>>> print(open('upload.cif').read())   # mmCIF, C-alpha atoms
data_entry
#
loop_
_atom_site.label_atom_id
_atom_site.label_comp_id
_atom_site.auth_asym_id
_atom_site.auth_seq_id
_atom_site.Cartn_x
_atom_site.Cartn_y
_atom_site.Cartn_z
CA MET A 1 1.95 -42.36 72.93
CA ASN A 2 -1.42 -43.12 74.49
CA GLY A 3 -2.31 -39.40 74.31
CA ALA A 4 -1.42 -39.18 70.65
CA GLY A 5 -3.50 -42.21 69.89
CA ARG A 6 -6.54 -40.73 71.66
CA ALA A 7 -6.15 -37.43 69.80
CA CYS A 8 -6.27 -39.23 66.47
CA VAL A 9 -9.41 -41.12 67.47
CA VAL A 10 -11.16 -37.91 68.48
CA ALA A 11 -10.27 -36.21 65.19
CA ALA A 12 -11.55 -39.15 63.17
CA ALA A 13 -14.81 -39.24 65.11
CA LEU A 14 -15.40 -35.56 64.40
CA ALA A 15 -14.83 -36.10 60.69
CA VAL A 16 -17.38 -38.91 60.55
CA ALA A 17 -19.94 -36.88 62.45
CA GLY A 18 -19.33 -33.98 60.10
CA SER A 19 -19.99 -36.09 57.03
CA ALA A 20 -23.49 -36.89 58.25
CA ARG A 21 -24.46 -33.27 58.85
CA PRO A 22 -24.41 -30.12 56.79
CA SER A 23 -21.97 -28.42 59.15
CA GLY A 24 -19.32 -29.12 61.78
CA GLN A 25 -15.80 -28.53 62.96
CA GLY A 26 -12.56 -30.25 62.27
CA ARG A 27 -9.10 -30.01 63.75
CA GLY A 28 -6.08 -31.93 62.64
CA GLY A 29 -2.57 -30.70 62.01
CA GLY A 30 -2.98 -27.45 63.92
CA ALA A 31 -5.60 -25.81 61.71
CA GLN A 32 -9.11 -25.45 63.01
CA LEU A 33 -11.71 -25.69 60.29
CA ASP A 34 -15.43 -24.95 60.23
CA LEU A 35 -17.65 -25.70 57.24
CA SER A 36 -21.37 -25.51 56.71
CA VAL A 37 -23.52 -25.84 53.59
CA SER A 38 -27.04 -24.44 53.57
CA PRO A 39 -29.50 -25.56 52.45
CA ALA A 40 -28.40 -29.17 52.48
CA SER A 41 -30.86 -29.93 49.69
CA ILE A 42 -30.18 -28.74 46.13
CA SER A 43 -33.12 -29.13 43.76
CA PHE A 44 -33.59 -28.69 40.02
CA ALA A 45 -37.15 -28.21 38.84
CA SER A 46 -38.38 -29.94 35.70
CA ALA A 47 -38.44 -27.70 32.64
CA ASP A 48 -38.86 -27.80 28.86
CA PRO A 49 -35.34 -28.12 27.39
CA ASP A 50 -36.31 -25.81 24.51
CA VAL A 51 -37.40 -23.09 26.93
CA SER A 52 -34.79 -23.68 29.65
CA PRO A 53 -31.65 -25.29 28.23
CA VAL A 54 -30.01 -24.72 31.62
CA ILE A 55 -31.81 -25.10 34.96
CA ALA A 56 -30.44 -23.24 37.97
CA ALA A 57 -31.00 -24.42 41.53
CA ALA A 58 -31.46 -22.00 44.41
CA PRO A 59 -28.07 -20.67 45.55
CA VAL A 60 -26.27 -22.61 48.26
CA VAL A 61 -24.48 -20.67 50.97
CA VAL A 62 -21.14 -22.16 51.97
CA ASN A 63 -19.76 -20.87 55.24
CA VAL A 64 -16.03 -21.35 55.78
CA ARG A 65 -13.82 -20.52 58.73
CA VAL A 66 -10.14 -21.37 58.92
CA ARG A 67 -8.11 -20.70 62.07
CA GLN A 68 -4.63 -21.51 63.32
CA ASN A 69 -3.54 -22.08 59.76
CA ALA A 70 -0.35 -20.72 58.19
CA GLY A 71 -0.47 -22.68 54.95
CA PRO A 72 -2.95 -23.24 52.12
CA TRP A 73 -6.52 -24.39 52.52
CA THR A 74 -8.84 -25.94 49.96
CA LEU A 75 -12.58 -26.49 49.61
CA THR A 76 -13.59 -29.25 47.21
CA VAL A 77 -16.83 -30.89 46.12
CA LEU A 78 -17.25 -34.48 44.95
CA ALA A 79 -20.40 -36.21 43.70
CA GLY A 80 -21.14 -39.69 44.99
CA GLY A 81 -22.05 -40.74 41.44
CA ASP A 82 -24.27 -39.76 38.55
CA LEU A 83 -27.80 -38.49 39.18
CA ILE A 84 -29.89 -41.65 39.58
CA ALA A 85 -33.61 -42.39 39.22
CA GLY A 86 -34.09 -46.16 39.32
CA PRO A 87 -32.48 -47.57 36.18
CA ALA A 88 -32.09 -44.10 34.64
CA THR A 89 -29.01 -41.93 35.09
CA VAL A 90 -27.94 -38.44 34.15
CA ASP A 91 -24.18 -37.99 33.91
CA ILE A 92 -23.07 -35.80 36.79
CA THR A 93 -20.85 -33.77 34.46
CA ASN A 94 -24.07 -32.16 33.24
CA VAL A 95 -24.05 -30.25 36.53
CA SER A 96 -21.83 -27.20 36.75
CA TRP A 97 -21.68 -24.33 39.22
CA ILE A 98 -21.09 -20.62 39.42
CA ALA A 99 -19.54 -19.45 42.68
CA THR A 100 -18.87 -16.06 44.21
CA PRO A 101 -16.90 -14.23 45.44
CA ALA A 102 -14.03 -15.03 43.13
CA PRO A 103 -11.48 -15.46 44.55
CA PRO A 104 -11.44 -17.52 46.67
CA TYR A 105 -14.32 -19.31 44.92
CA ARG A 106 -14.20 -20.55 41.35
CA ASN A 107 -16.65 -21.98 38.83
CA GLY A 108 -16.54 -25.63 37.88
CA THR A 109 -18.19 -28.85 36.84
CA LEU A 110 -19.10 -31.75 39.10
CA SER A 111 -17.23 -35.03 38.92
CA LYS A 112 -17.92 -38.41 40.48
CA THR A 113 -14.30 -39.49 40.30
CA VAL A 114 -12.13 -36.50 41.24
CA ALA A 115 -12.92 -33.90 43.88
CA GLN A 116 -13.26 -30.54 42.14
CA GLN A 117 -11.84 -27.40 43.69
CA LEU A 118 -14.54 -24.98 44.76
CA ALA A 119 -12.38 -22.51 46.67
CA SER A 120 -8.85 -22.13 47.91
CA GLY A 121 -6.66 -19.71 49.82
CA THR A 122 -3.81 -19.29 52.22
CA GLY A 123 -3.75 -18.61 55.93
CA ASN A 124 -6.83 -17.93 57.99
CA VAL A 125 -10.41 -17.08 57.09
CA ASN A 126 -11.52 -15.54 60.35
CA PRO A 127 -14.18 -14.40 60.91
CA ALA A 128 -16.07 -16.95 58.84
CA GLN A 129 -16.98 -15.96 55.28
CA ASN A 130 -19.91 -16.93 53.11
CA GLY A 131 -19.69 -18.04 49.51
CA SER A 132 -22.60 -18.42 47.15
CA VAL A 133 -22.73 -21.45 44.88
CA THR A 134 -25.39 -21.81 42.19
CA PHE A 135 -25.56 -25.27 40.65
CA ARG A 136 -26.80 -25.51 37.05
CA LEU A 137 -28.10 -28.56 35.23
CA ALA A 138 -27.71 -28.77 31.45
CA ASN A 139 -31.25 -29.70 30.39
CA SER A 140 -31.87 -32.27 27.65
CA TRP A 141 -34.67 -34.08 25.84
CA ASN A 142 -32.60 -37.24 26.24
CA TYR A 143 -33.17 -37.47 30.00
CA SER A 144 -35.63 -40.13 31.08
CA ALA A 145 -38.51 -38.97 33.22
CA GLY A 146 -37.96 -39.56 36.93
CA ASN A 147 -36.84 -38.09 40.22
CA TYR A 148 -33.07 -38.13 40.33
CA THR A 149 -30.88 -37.85 43.43
CA GLN A 150 -27.23 -37.89 44.38
CA THR A 151 -25.08 -36.90 47.35
CA LEU A 152 -22.43 -34.18 47.20
CA VAL A 153 -19.53 -34.17 49.63
CA PHE A 154 -17.93 -30.83 50.43
CA THR A 155 -14.49 -31.09 52.02
CA LEU A 156 -12.57 -28.24 53.61
CA SER A 157 -8.96 -29.17 54.22
CA ALA A 158 -5.71 -27.60 55.29
CA PRO A 159 -2.89 -29.94 54.41
CA MET B 1 7.07 -45.10 92.29
CA ARG B 2 5.66 -41.62 92.82
CA ALA B 3 8.34 -40.04 90.58
CA HIS B 4 7.61 -42.58 87.86
CA ARG B 5 3.89 -41.62 87.89
CA ARG B 6 4.79 -37.91 87.44
CA PHE B 7 6.96 -38.73 84.45
CA LEU B 8 4.19 -40.76 82.80
CA ALA B 9 1.66 -37.96 83.29
CA ALA B 10 4.03 -35.39 81.78
CA LEU B 11 4.63 -37.64 78.80
CA ILE B 12 0.91 -37.96 78.08
CA VAL B 13 0.38 -34.19 78.26
CA TRP B 14 3.24 -33.56 75.85
CA THR B 15 2.07 -36.05 73.26
CA ALA B 16 -1.48 -34.77 73.33
CA ALA B 17 -0.34 -31.18 72.83
CA ALA B 18 2.18 -31.96 70.10
CA PRO B 19 1.09 -31.20 66.52
CA ALA B 20 -0.21 -34.26 64.73
CA ALA B 21 1.27 -35.21 61.37
CA ARG B 22 -2.13 -35.67 59.67
CA ALA B 23 -3.98 -32.94 57.75
CA ALA B 24 -7.08 -31.18 59.04
CA ALA B 25 -10.27 -31.73 57.11
CA GLN B 26 -13.89 -30.91 57.56
CA VAL B 27 -16.66 -32.58 55.57
CA SER B 28 -20.26 -31.58 54.88
CA THR B 29 -22.78 -33.23 52.62
CA ALA B 30 -25.73 -32.05 50.56
CA THR B 31 -28.36 -33.95 48.63
CA MET B 32 -28.89 -33.00 45.00
CA SER B 33 -32.20 -33.83 43.31
CA ALA B 34 -33.61 -33.22 39.86
CA GLY B 35 -37.17 -33.74 38.73
CA VAL B 36 -37.69 -34.71 35.11
CA SER B 37 -41.37 -34.85 34.16
CA PRO B 38 -42.81 -36.65 31.14
CA LEU B 39 -43.05 -34.20 28.27
CA ALA B 40 -43.95 -34.32 24.58
CA LYS B 41 -43.65 -31.74 21.83
CA LEU B 42 -44.65 -32.31 18.20
CA THR B 43 -43.84 -30.12 15.23
CA LEU B 44 -45.13 -30.52 11.66
CA SER B 45 -43.60 -28.60 8.78
CA ALA B 46 -47.03 -27.86 7.31
CA ALA B 47 -50.45 -27.43 8.89
CA SER B 48 -52.29 -28.37 5.71
CA ALA B 49 -51.94 -30.73 2.78
CA SER B 50 -53.79 -30.64 -0.52
CA PHE B 51 -54.16 -33.01 -3.44
CA PRO B 52 -54.60 -31.66 -6.97
CA ASP B 53 -57.18 -33.09 -9.36
CA ALA B 54 -55.85 -35.72 -11.75
CA ASP B 55 -56.89 -38.40 -14.23
CA PRO B 56 -57.32 -41.63 -12.22
CA ASP B 57 -55.82 -43.65 -15.06
CA ALA B 58 -52.73 -41.46 -15.22
CA VAL B 59 -52.30 -40.86 -11.46
CA PRO B 60 -53.96 -43.55 -9.34
CA GLN B 61 -52.20 -42.26 -6.22
CA ILE B 62 -51.96 -38.47 -5.99
CA PRO B 63 -49.12 -37.23 -3.78
CA ALA B 64 -49.82 -34.21 -1.60
CA LEU B 65 -48.61 -30.92 -2.98
CA GLY B 66 -45.48 -29.59 -1.34
CA GLY B 67 -43.94 -33.00 -0.77
CA PRO B 68 -43.53 -34.85 2.50
CA VAL B 69 -44.55 -33.37 5.82
CA LEU B 70 -41.48 -33.11 8.03
CA ILE B 71 -42.15 -34.28 11.57
CA THR B 72 -40.11 -33.51 14.67
CA ALA B 73 -41.11 -35.41 17.81
CA LYS B 74 -39.48 -34.47 21.10
CA SER B 75 -40.33 -36.54 24.13
CA ARG B 76 -39.32 -37.39 27.64
CA SER B 77 -40.66 -40.65 28.96
CA THR B 78 -39.94 -43.04 31.78
CA SER B 79 -36.94 -45.25 31.07
CA GLY B 80 -37.80 -48.16 28.77
CA THR B 81 -41.34 -47.06 27.93
CA GLN B 82 -42.76 -46.60 24.43
CA VAL B 83 -43.34 -43.21 22.83
CA VAL B 84 -46.07 -43.29 20.17
CA LEU B 85 -47.07 -40.89 17.40
CA THR B 86 -50.52 -41.49 15.90
CA VAL B 87 -52.83 -39.78 13.44
CA GLN B 88 -56.60 -40.00 13.22
CA ALA B 89 -59.09 -38.41 10.82
CA ALA B 90 -61.81 -36.40 12.46
CA ASP B 91 -64.24 -37.69 9.81
CA ASP B 92 -64.35 -38.89 6.21
CA LEU B 93 -63.48 -36.44 3.45
CA ARG B 94 -66.59 -34.39 2.81
CA SER B 95 -67.75 -32.03 0.08
CA GLY B 96 -71.28 -30.99 0.82
CA VAL B 97 -73.26 -34.20 0.85
CA SER B 98 -70.57 -36.14 -0.98
CA VAL B 99 -68.31 -38.39 1.07
CA ILE B 100 -65.01 -40.14 0.37
CA PRO B 101 -63.88 -42.55 3.10
CA ALA B 102 -60.81 -41.41 5.04
CA ALA B 103 -59.13 -44.72 4.21
CA ASN B 104 -58.49 -43.32 0.71
CA ILE B 105 -55.60 -41.38 2.22
CA THR B 106 -52.43 -43.37 2.76
CA TRP B 107 -48.83 -42.47 3.49
CA THR B 108 -45.27 -43.63 3.19
CA ALA B 109 -42.68 -42.55 5.74
CA THR B 110 -38.96 -42.13 6.23
CA GLY B 111 -36.99 -41.87 9.45
CA GLY B 112 -36.22 -44.23 12.31
CA GLY B 113 -39.37 -45.55 13.95
CA PHE B 114 -41.73 -44.22 11.24
CA VAL B 115 -44.06 -46.62 9.40
CA SER B 116 -46.40 -46.44 6.41
CA GLY B 117 -50.14 -46.54 7.00
CA THR B 118 -53.72 -45.86 6.01
CA LEU B 119 -55.83 -43.12 7.56
CA SER B 120 -58.86 -44.02 9.67
CA LYS B 121 -61.63 -42.02 11.29
CA ALA B 122 -62.47 -44.86 13.66
CA ALA B 123 -59.18 -45.20 15.52
CA PRO B 124 -55.71 -43.61 15.76
CA VAL B 125 -53.20 -45.15 13.38
CA THR B 126 -49.55 -45.43 14.32
CA VAL B 127 -47.19 -43.12 12.46
CA ALA B 128 -44.08 -43.87 14.55
CA THR B 129 -42.93 -45.56 17.75
CA TRP B 130 -39.75 -45.22 19.78
CA THR B 131 -38.41 -46.36 23.13
CA GLY B 132 -37.44 -43.81 25.72
CA SER B 133 -36.65 -40.11 25.58
CA GLY B 134 -35.15 -38.17 22.73
CA VAL B 135 -35.60 -36.00 19.66
CA ARG B 136 -36.70 -37.82 16.50
CA THR B 137 -37.30 -36.59 12.99
CA GLY B 138 -38.94 -38.16 9.98
CA SER B 139 -41.22 -37.44 7.06
CA GLN B 140 -44.65 -38.51 5.95
CA GLN B 141 -45.70 -38.41 2.32
CA LEU B 142 -49.51 -38.40 2.04
CA TYR B 143 -51.31 -39.90 -0.97
CA PHE B 144 -54.93 -39.71 -2.13
CA ARG B 145 -56.36 -42.82 -3.79
CA ASN B 146 -57.75 -41.48 -7.04
CA LEU B 147 -60.85 -43.32 -8.37
CA TRP B 148 -63.33 -42.74 -11.18
CA THR B 149 -66.09 -43.38 -8.67
CA HIS B 150 -65.29 -40.34 -6.49
CA PRO B 151 -67.98 -37.65 -6.83
CA THR B 152 -66.60 -34.34 -7.98
CA GLY B 153 -66.09 -31.62 -5.40
CA ILE B 154 -63.63 -29.97 -3.05
CA TYR B 155 -63.18 -32.31 -0.12
CA THR B 156 -61.72 -31.51 3.28
CA VAL B 157 -60.95 -33.37 6.50
CA SER B 158 -59.00 -32.60 9.68
CA LEU B 159 -56.24 -34.85 10.88
CA LEU B 160 -55.26 -35.09 14.52
CA TYR B 161 -51.66 -36.02 15.33
CA THR B 162 -50.97 -37.20 18.87
CA LEU B 163 -47.54 -37.75 20.45
CA SER B 164 -47.72 -39.59 23.75
CA ALA B 165 -44.86 -40.14 26.18
CA PRO B 166 -45.82 -42.07 29.34
#
>>> encode(input="upload.cif", output="structure tokens")
Amino acid sequence: MNGAGRACVVAAALAVAGSARPSGQGRGGGAQLDLSVSPASISFASADPDVSPVIAAAPVVVNVRVRQNAGPWTLTVLAGGDLIAGPATVDITNVSWIATPAPPYRNGTLSKTVAQQLASGTGNVNPAQNGSVTFRLANSWNYSAGNYTQTLVFTLSAP
Amino acid sequence: MRAHRRFLAALIVWTAAAPAARAAAQVSTATMSAGVSPLAKLTLSAASASFPDADPDAVPQIPALGGPVLITAKSRSTSGTQVVLTVQAADDLRSGVSVIPAANITWTATGGGFVSGTLSKAAPVTVATWTGSGVRTGSQQLYFRNLWTHPTGIYTVSLLYTLSAP
């Protein structure tokens, strides 16, 4: 039982280290997972809402590798909250994304409460494959001026 | 004692190699940022207004032809700050050497944040104020104060509207 306990501690430590970096490896119930997101900064430039009703950020490359997996795997994204600039907020549901290739990727809208599925599949993804995700902000005159930020958490899992 | 140690070692190896019951997961984070700069955009339904001649006794206040000027003010400002729309006359009304003070033009207004006022060439006069960002619409009906003392002539003046969003 001591060995099993140590294995769990190692897996948890890897997960924590992964959350603080844009890439890493994870291994739990047999599946070996690799996930990286680049760049780790996603920026929307300011624009006139009449001219640019939707603002697109530079595409993000998501690199996924799944090994030793016989079942399904899922890639999700969850926002840590709304976009925040001091007392001002922009509801995170104003951010959507377009992802390719489809499948396994799918388009969606960010949520701060429920992790949204970005990609899914079955079995292995080996060698690693890239996906392109372009986030889009619905522009509005109602937004207060400011520099907004928020953290996105990408999670690759094989239950 | 020696046999017992072998058994313990074998047990540890087996448990470490056995599949764990928990799911595998890998997490990565990214920082999202959005810059929203202060911005103001003002639209007037007409670029000119004119007042017809009239008997001062019959029409002491002459409304501008064409009715109210429709105003659309779009602005982005820092949270909680005031957005202001003002108007200022570039000069008095002039017709050759004849002069009618700009204060002879007044207005009434409709729409949230809009207020009535009297034109001035000395300082901007507030047409409307709001708090924070948004799109606002209203109207401004201009009037000319008609007096027997006004010299005859065709008078003109330029008005400057300014929408500011800090």
>>> closest_residue(input="upload.cif", among="A:Val54, A:Leu75, A:Ala128, A:Val114", to="chain B", atoms="all atoms listed in the file")
A:Leu75
>>> resolve_selection(input="upload.cif", expression="the PyMOL selection byres ((chain A and resi 153) around 10)", output="PyMOL selection string")
(chain A and resi 19-20+22+76-80+115+151-152+154-156) or (chain B and resi 27-31)
>>> residues_around(input="upload.cif", residues="range 85-87 of chain A", least_positions_apart="6", cutoff="9 Å", atoms="only C-alpha atoms", output="ChimeraX atom specification")
/A:144-149 /B:79
>>> residues_near_point(input="upload.cif", point="(-49.4, -34.4, 19.2)", cutoff="8 Å", atoms="all atoms listed in the file", output="ChimeraX atom specification")
/B:40-42,85-86,160-164
>>> write_last_selection(input="upload.cif", atoms="C-alpha atoms", output="tab-separated table (two decimals), in the frame of the given file")
chain	number	residue	atom	x	y	z
B	40	ALA	CA	-43.95	-34.32	24.58
B	41	LYS	CA	-43.65	-31.74	21.83
B	42	LEU	CA	-44.65	-32.31	18.20
B	85	LEU	CA	-47.07	-40.89	17.40
B	86	THR	CA	-50.52	-41.49	15.90
B	160	LEU	CA	-55.26	-35.09	14.52
B	161	TYR	CA	-51.66	-36.02	15.33
B	162	THR	CA	-50.97	-37.20	18.87
B	163	LEU	CA	-47.54	-37.75	20.45
B	164	SER	CA	-47.72	-39.59	23.75
>>> axis_aligned_box(input="upload.cif", around="range 54-60 of chain A", padding_each_side="5 Å", output="AutoDock Vina command-line options")
--center_x -29.0 --center_y -22.9 --center_z 39.9 --size_x 15.5 --size_y 14.4 --size_z 26.6
>>> residues_around(input="upload.cif", residues="Val83 in chain B", least_positions_apart="5", cutoff="12 Å", atoms="only C-alpha atoms", output="MDAnalysis selection string")
(chainID A and resid 144) or (chainID B and resid 38:42 73:78 113:114 126:136 162:166)
>>> closest_residue(input="upload.cif", among="A:Thr74, A:Val61, A:Arg106, A:Val95", to="Ser33 in chain B", atoms="only C-alpha atoms")
A:Val95
>>> atom_distance(input="upload.cif", atom1="CA of Ser48 in chain B", atom2="CA of Val84 in chain B")
21.7 Å
>>> atom_distance(input="upload.cif", atom1="CA of Ala24 in chain B", atom2="CA of Leu83 in chain A")
29.6 Å
>>> residues_around(input="upload.cif", residues="Val51 in chain A", least_positions_apart="2", cutoff="12 Å", atoms="all atoms listed in the file", output="list in words")
Ser46, Ala47, Asp48, Pro49, Pro53, Val54, Ile55, Asn139, Ser140 and Trp141 of chain A; Lys41 of chain B
>>> atom_distance(input="upload.cif", atom1="CA of Thr118 in chain B", atom2="CA of Val69 in chain B")
15.5 Å
>>> closest_residue(input="upload.cif", among="A:Pro159, A:Trp97, A:Gly81, A:Asn126", to="Ser111 in chain A", atoms="all atoms listed in the file")
A:Gly81
>>> closest_residue(input="upload.cif", among="A:Leu137, A:Ala45, A:Ala158, A:Ala31", to="Leu110 in chain A", atoms="all atoms listed in the file")
A:Leu137
>>> closest_residue(input="upload.cif", among="A:Ala57, A:Ser41, A:Leu35, A:Asp91", to="Asn142 in chain A", atoms="only C-alpha atoms")
A:Asp91
>>> closest_residue(input="upload.cif", among="B:Thr81, B:Arg145, B:Thr156, B:Pro60", to="chain A", atoms="only C-alpha atoms")
B:Thr81
>>> resolve_selection(input="upload.cif", expression="the PyMOL selection byres ((chain A and resi 98) around 9)", output="PDB file with C-alpha atoms, in the frame of the given file")
ATOM      1  CA  SER A  96     -21.830 -27.200  36.750  1.00  0.00           C
ATOM      2  CA  TRP A  97     -21.680 -24.330  39.220  1.00  0.00           C
ATOM      3  CA  ALA A  99     -19.540 -19.450  42.680  1.00  0.00           C
ATOM      4  CA  THR A 100     -18.870 -16.060  44.210  1.00  0.00           C
ATOM      5  CA  TYR A 105     -14.320 -19.310  44.920  1.00  0.00           C
ATOM      6  CA  ARG A 106     -14.200 -20.550  41.350  1.00  0.00           C
ATOM      7  CA  ASN A 107     -16.650 -21.980  38.830  1.00  0.00           C
ATOM      8  CA  GLY A 108     -16.540 -25.630  37.880  1.00  0.00           C
ATOM      9  CA  SER A 132     -22.600 -18.420  47.150  1.00  0.00           C
ATOM     10  CA  VAL A 133     -22.730 -21.450  44.880  1.00  0.00           C
ATOM     11  CA  THR A 134     -25.390 -21.810  42.190  1.00  0.00           C
ATOM     12  CA  PHE A 135     -25.560 -25.270  40.650  1.00  0.00           C
ATOM     13  CA  ARG A 136     -26.800 -25.510  37.050  1.00  0.00           C
TER      14      ARG A 136
END
>>> build_atoms(input="upload.cif", residues="range 65-87 of chain A", atoms="N, CA and C atoms", output="short mmCIF file (atom, residue, chain, number, x, y, z; two decimals), in the coordinates of the input")
data_model
loop_
_atom_site.label_atom_id
_atom_site.label_comp_id
_atom_site.auth_asym_id
_atom_site.auth_seq_id
_atom_site.Cartn_x
_atom_site.Cartn_y
_atom_site.Cartn_z
N ARG A 65 -14.70 -21.20 57.79
CA ARG A 65 -13.82 -20.52 58.73
C ARG A 65 -12.56 -21.36 58.89
N VAL A 66 -11.43 -20.70 58.79
CA VAL A 66 -10.14 -21.37 58.92
C VAL A 66 -9.32 -20.62 59.97
N ARG A 67 -8.90 -21.33 61.01
CA ARG A 67 -8.11 -20.70 62.07
C ARG A 67 -6.86 -21.52 62.35
N GLN A 68 -5.90 -20.87 62.95
CA GLN A 68 -4.63 -21.51 63.32
C GLN A 68 -3.99 -22.18 62.12
N ASN A 69 -4.07 -21.49 61.00
CA ASN A 69 -3.54 -22.08 59.76
C ASN A 69 -2.56 -21.10 59.12
N ALA A 70 -1.35 -21.57 58.82
CA ALA A 70 -0.35 -20.72 58.19
C ALA A 70 -0.16 -21.08 56.72
N GLY A 71 -0.69 -22.21 56.31
CA GLY A 71 -0.47 -22.68 54.95
C GLY A 71 -1.72 -22.56 54.10
N PRO A 72 -1.78 -23.30 53.02
CA PRO A 72 -2.95 -23.24 52.12
C PRO A 72 -4.14 -24.01 52.69
N TRP A 73 -5.31 -23.63 52.22
CA TRP A 73 -6.52 -24.39 52.52
C TRP A 73 -7.32 -24.57 51.22
N THR A 74 -8.10 -25.61 51.18
CA THR A 74 -8.84 -25.94 49.96
C THR A 74 -10.24 -26.43 50.30
N LEU A 75 -11.20 -25.99 49.50
CA LEU A 75 -12.58 -26.49 49.61
C LEU A 75 -12.90 -27.20 48.30
N THR A 76 -13.28 -28.47 48.41
CA THR A 76 -13.59 -29.25 47.21
C THR A 76 -15.01 -29.81 47.30
N VAL A 77 -15.52 -30.24 46.16
CA VAL A 77 -16.83 -30.89 46.12
C VAL A 77 -16.72 -32.12 45.22
N LEU A 78 -17.30 -33.21 45.68
CA LEU A 78 -17.25 -34.48 44.95
C LEU A 78 -18.63 -35.11 44.95
N ALA A 79 -19.11 -35.52 43.79
CA ALA A 79 -20.40 -36.21 43.70
C ALA A 79 -20.22 -37.69 44.00
N GLY A 80 -21.21 -38.27 44.67
CA GLY A 80 -21.14 -39.69 44.99
C GLY A 80 -21.37 -40.58 43.78
N GLY A 81 -21.79 -39.99 42.67
CA GLY A 81 -22.05 -40.74 41.44
C GLY A 81 -22.85 -39.88 40.49
N ASP A 82 -23.38 -40.50 39.46
CA ASP A 82 -24.27 -39.76 38.55
C ASP A 82 -25.61 -39.52 39.24
N LEU A 83 -26.43 -38.65 38.70
CA LEU A 83 -27.80 -38.49 39.18
C LEU A 83 -28.55 -39.77 38.80
N ILE A 84 -29.27 -40.34 39.78
CA ILE A 84 -29.89 -41.65 39.58
C ILE A 84 -31.38 -41.59 39.89
N ALA A 85 -32.16 -42.21 39.00
CA ALA A 85 -33.61 -42.39 39.22
C ALA A 85 -33.95 -43.80 38.78
N GLY A 86 -33.88 -44.76 39.69
CA GLY A 86 -34.09 -46.16 39.32
C GLY A 86 -33.03 -46.59 38.33
N PRO A 87 -33.46 -47.12 37.17
CA PRO A 87 -32.48 -47.57 36.18
C PRO A 87 -31.91 -46.42 35.35
#
